[in-house]
Protein chains: 2
Amino acid sequence: VADARRVVGVIGGMGPEATADFFAKLIAATPAERDQDHLRILIDNDPSVPDRSAGVAGEGPSPAPRLAAMARGLVAAGAELLVMPCNTAHAFVAAIREAAPTVPFVDLIEAAVDASLERVPNAPAVGILATRGTLRAQLYQDGFARRGVDTVLPDEADQRLVDSAIAAVKAGRAGATERAALAGVAARLADAGAALVVTACTELPLLLRDGDVRTAAGALAPIIGSTDALVTATLRAAGVAGAPGASGTSSASARA
Amino acid sequence: VADARRVVGVIGGMGPEATADFFAKLIAATPAERDQDHLRILIDNDPSVPDRSAGVAGEGPSPAPRLAAMARGLVAAGAELLVMPCNTAHAFVAAIREAAPTVPFVDLIEAAVDASLERVPNAPAVGILATRGTLRAQLYQDGFARRGVDTVLPDEADQRLVDSAIAAVKAGRAGATERAALAGVAARLADAGAALVVTACTELPLLLRDGDVRTAAGALAPIIGSTDALVTATLRAAGVAGAPGASGTSSASARA
């Protein structure tokens, strides 16, 4: 079985904490009794990639050339599958697919949409906690619209709280204040009609977890972590036996 | 300053949990306000490396060729500094230095010895919690002997508890039982004369931390984590400003 597994290449560093969180969760989710049962994982943690939100807005250099270079480097080093634990950078995914056309790319946005609709199959609308770049690039609005699902976004005041929480994680100083603020934003999205809330920036699952948020009416609002969704999709695509859905068909593994 | 920093290459996967722990601790210890303040870190997490303890004992294939290949691959991918968060694998460090002669290698054993003697400068003896391979290869016995310090090792029954704790981490099922057993072993080493105890296997800091262990007389026995020691030495060698001792001379950074 080990021979059939793909070597995973991680286009990382956006931010480093999110990459480390993805790596730890991927290892924890792999059924293993000893080292040799685990996947080979190559990580390029390059935090010098230009700011993704600024790139989307056209207010800074595009990160696309750097992302393409990382993809090529990982494939040259032996990666047989690529993943990128950064939602906003998915605005530039075409450059990665072009740079590494022979290797499947597991799309984080699709993985999070899939995980959301597996959790609440008939959700009329979902809430999105993301960077301004992810929202501006319409990654989740389009991803859910293709499945007939509406999205509910924070208002400007709440988006500022989301921005602050992400910045605090990147600066290594996120704590109870950011957790509480983020839970408040998520609760307001649920009160506005979201059947669940996606932590659609890989820094945010470090602060907000499933079970943390209740609506004004006292109902639990499911939180779908984009990092967890990518872990599940990566294990499926890498061919890990025992992973959720590993024996089923996976849209992620079939795409190159 | 960013230009003067070295790209860190991590020879990893031994085990994956230990590599992820090192990665997370390296990020957390780096002074940063935004992604771009962090180090570029390339990781080859290859859990298929043959068992290190069996290799030391001559009872299995040598891991040296695989370690050398990882070192070459990381340097080809851009690494300007190599580290290996696995104590036992340091028995094969000559193969790494030979494979990557142009790049400094930060030695984990030396880092842990340095950290120990910084903590307790006049320690007559120190306790070692390690794999049988690390003990058989005399990595810590020799490292401390060069500084005039004796080592105290677990007896056979206690070494079995250490073996079990390491195996439990690798299988993802370590818990309170393993923590308590390990704390007991460490306390017995302290009672036998160890001025501190080194968690000299990178799986062990996941179970035993400074502050966890007291002697029979009630004194706190300092625990020196080999992973923490490697983080400090790596930041120094990579040229991170603000890292402990970053402006001082570093034996690690000068060695190639």
# chains A, B, ... in the order shown; residues from 1 in each chain; ligands from 1

$ residues_around --residues "Met84 (chain B)" --least-positions-apart "2" --cutoff "9 Å" --atoms "only C-alpha atoms" --output "JSON, numbers by chain"
{"B": [9, 10, 11, 12, 14, 19, 82, 86, 87, 89, 90, 105, 106, 107, 108, 230]}

$ closest_atom_pairs --of "chain A" --to "chain B" --cutoff "7 Å" --atoms "only C-alpha atoms" --output "CSV"
residue,atom,partner,partner_atom,distance
A:Met14,CA,B:Asp35,CA,6.7
A:Gly15,CA,B:Asp35,CA,5.4
A:Pro16,CA,B:Ile27,CA,6.8
A:Glu17,CA,B:Ile27,CA,7.0
A:Ala20,CA,B:Ala24,CA,5.7
A:Phe23,CA,B:Ala20,CA,6.6
A:Ala24,CA,B:Ala20,CA,5.7
A:Ile27,CA,B:Pro16,CA,6.8
A:Ala28,CA,B:Gly172,CA,6.9
A:Ala32,CA,B:Ala171,CA,5.6
A:Glu33,CA,B:Ala171,CA,4.1
A:Arg34,CA,B:Lys170,CA,5.4
A:Asp35,CA,B:Pro47,CA,5.1
A:Gln36,CA,B:Ser48,CA,4.8
A:His38,CA,B:Pro47,CA,5.9
A:Leu39,CA,B:Pro47,CA,6.8
A:Arg40,CA,B:Asp46,CA,4.7
A:Ile41,CA,B:Asn45,CA,5.0
A:Leu42,CA,B:Asp44,CA,4.8
A:Ile43,CA,B:Ile43,CA,4.9
A:Asp44,CA,B:Leu42,CA,4.8
A:Asn45,CA,B:Ile41,CA,5.0
A:Asp46,CA,B:Arg40,CA,4.7
A:Pro47,CA,B:Gln36,CA,5.0
A:Ser48,CA,B:Gln36,CA,4.8
A:Gly73,CA,B:Ala77,CA,6.6
A:Ala77,CA,B:Gly73,CA,6.6
A:Lys170,CA,B:Arg34,CA,5.4
A:Ala171,CA,B:Glu33,CA,4.1
A:Gly172,CA,B:Ala28,CA,6.9

$ select_by_dssp --residues "region 54-247 of chain A" --states "strand (DSSP E or B)" --output "list in words"
Leu81, Leu82, Val83, Phe105, Ala125, Val126, Gly127, Ile128, Leu129, Asp150, Thr151, Val152, Val197, Val198, Thr199, Arg214, Leu220, Ile223, Ile224 and Gly225 of chain A

$ write_last_selection --atoms "N, CA and C atoms" --output "PDB file, in the first residue's frame"
ATOM      1  N   LEU A  81       1.844  15.393  -5.547  1.00  0.00           N
ATOM      2  CA  LEU A  81       0.535  15.953  -5.202  1.00  0.00           C
ATOM      3  C   LEU A  81       0.855  17.293  -4.553  1.00  0.00           C
ATOM      4  N   LEU A  82       0.118  18.343  -4.896  1.00  0.00           N
ATOM      5  CA  LEU A  82       0.386  19.644  -4.284  1.00  0.00           C
ATOM      6  C   LEU A  82      -0.818  20.133  -3.485  1.00  0.00           C
ATOM      7  N   VAL A  83      -0.537  20.773  -2.361  1.00  0.00           N
ATOM      8  CA  VAL A  83      -1.572  21.423  -1.554  1.00  0.00           C
ATOM      9  C   VAL A  83      -1.030  22.769  -1.104  1.00  0.00           C
ATOM     10  N   PHE A 105      -3.452  18.978  -7.993  1.00  0.00           N
ATOM     11  CA  PHE A 105      -3.499  20.031  -6.978  1.00  0.00           C
ATOM     12  C   PHE A 105      -4.802  19.870  -6.209  1.00  0.00           C
ATOM     13  N   ALA A 125     -27.716  28.939   3.179  1.00  0.00           N
ATOM     14  CA  ALA A 125     -26.666  29.968   3.190  1.00  0.00           C
ATOM     15  C   ALA A 125     -25.619  29.598   4.226  1.00  0.00           C
ATOM     16  N   VAL A 126     -24.389  30.031   3.976  1.00  0.00           N
ATOM     17  CA  VAL A 126     -23.283  29.762   4.908  1.00  0.00           C
ATOM     18  C   VAL A 126     -22.530  31.061   5.164  1.00  0.00           C
ATOM     19  N   GLY A 127     -21.912  31.170   6.352  1.00  0.00           N
ATOM     20  CA  GLY A 127     -21.129  32.351   6.690  1.00  0.00           C
ATOM     21  C   GLY A 127     -19.658  32.143   6.372  1.00  0.00           C
ATOM     22  N   ILE A 128     -18.983  33.220   6.008  1.00  0.00           N
ATOM     23  CA  ILE A 128     -17.574  33.124   5.601  1.00  0.00           C
ATOM     24  C   ILE A 128     -16.725  34.078   6.427  1.00  0.00           C
ATOM     25  N   LEU A 129     -15.736  33.516   7.132  1.00  0.00           N
ATOM     26  CA  LEU A 129     -14.731  34.320   7.830  1.00  0.00           C
ATOM     27  C   LEU A 129     -13.439  34.188   7.042  1.00  0.00           C
ATOM     28  N   ASP A 150     -26.086  30.275  -0.899  1.00  0.00           N
ATOM     29  CA  ASP A 150     -25.751  31.687  -0.679  1.00  0.00           C
ATOM     30  C   ASP A 150     -24.666  31.832   0.388  1.00  0.00           C
ATOM     31  N   THR A 151     -23.986  32.968   0.363  1.00  0.00           N
ATOM     32  CA  THR A 151     -22.981  33.247   1.399  1.00  0.00           C
ATOM     33  C   THR A 151     -23.371  34.513   2.157  1.00  0.00           C
ATOM     34  N   VAL A 152     -23.069  34.492   3.470  1.00  0.00           N
ATOM     35  CA  VAL A 152     -23.321  35.636   4.339  1.00  0.00           C
ATOM     36  C   VAL A 152     -21.968  36.143   4.813  1.00  0.00           C
ATOM     37  N   VAL A 197     -20.665  28.219   9.669  1.00  0.00           N
ATOM     38  CA  VAL A 197     -19.678  29.260   9.386  1.00  0.00           C
ATOM     39  C   VAL A 197     -18.357  28.584   9.022  1.00  0.00           C
ATOM     40  N   VAL A 198     -17.757  29.002   7.909  1.00  0.00           N
ATOM     41  CA  VAL A 198     -16.471  28.455   7.471  1.00  0.00           C
ATOM     42  C   VAL A 198     -15.346  29.371   7.953  1.00  0.00           C
ATOM     43  N   THR A 199     -14.367  28.801   8.671  1.00  0.00           N
ATOM     44  CA  THR A 199     -13.143  29.561   8.967  1.00  0.00           C
ATOM     45  C   THR A 199     -12.267  29.440   7.721  1.00  0.00           C
ATOM     46  N   ARG A 214     -22.655  29.840  19.439  1.00  0.00           N
ATOM     47  CA  ARG A 214     -24.097  29.620  19.522  1.00  0.00           C
ATOM     48  C   ARG A 214     -24.823  30.839  18.966  1.00  0.00           C
ATOM     49  N   LEU A 220     -26.442  25.586  18.435  1.00  0.00           N
ATOM     50  CA  LEU A 220     -25.024  25.502  18.093  1.00  0.00           C
ATOM     51  C   LEU A 220     -24.849  25.812  16.601  1.00  0.00           C
ATOM     52  N   ILE A 223     -19.019  25.087  12.971  1.00  0.00           N
ATOM     53  CA  ILE A 223     -17.865  25.787  12.400  1.00  0.00           C
ATOM     54  C   ILE A 223     -17.107  24.781  11.546  1.00  0.00           C
ATOM     55  N   ILE A 224     -16.923  25.090  10.270  1.00  0.00           N
ATOM     56  CA  ILE A 224     -16.186  24.206   9.365  1.00  0.00           C
ATOM     57  C   ILE A 224     -14.796  24.786   9.171  1.00  0.00           C
ATOM     58  N   GLY A 225     -13.784  24.059   9.625  1.00  0.00           N
ATOM     59  CA  GLY A 225     -12.408  24.541   9.510  1.00  0.00           C
ATOM     60  C   GLY A 225     -11.837  24.230   8.134  1.00  0.00           C
TER      61      GLY A 225
END

$ select_by_dssp --residues "region 102-143 of chain A" --states "alpha helix (DSSP H)" --output "NGL selection string"
:A and (108-119 or 132-136 or 139-143)

$ closest_residue --among "A:Val231, A:Leu139, A:Ala238, A:Ala79" --to "Ala200 (chain A)" --atoms "only C-alpha atoms"
A:Leu139
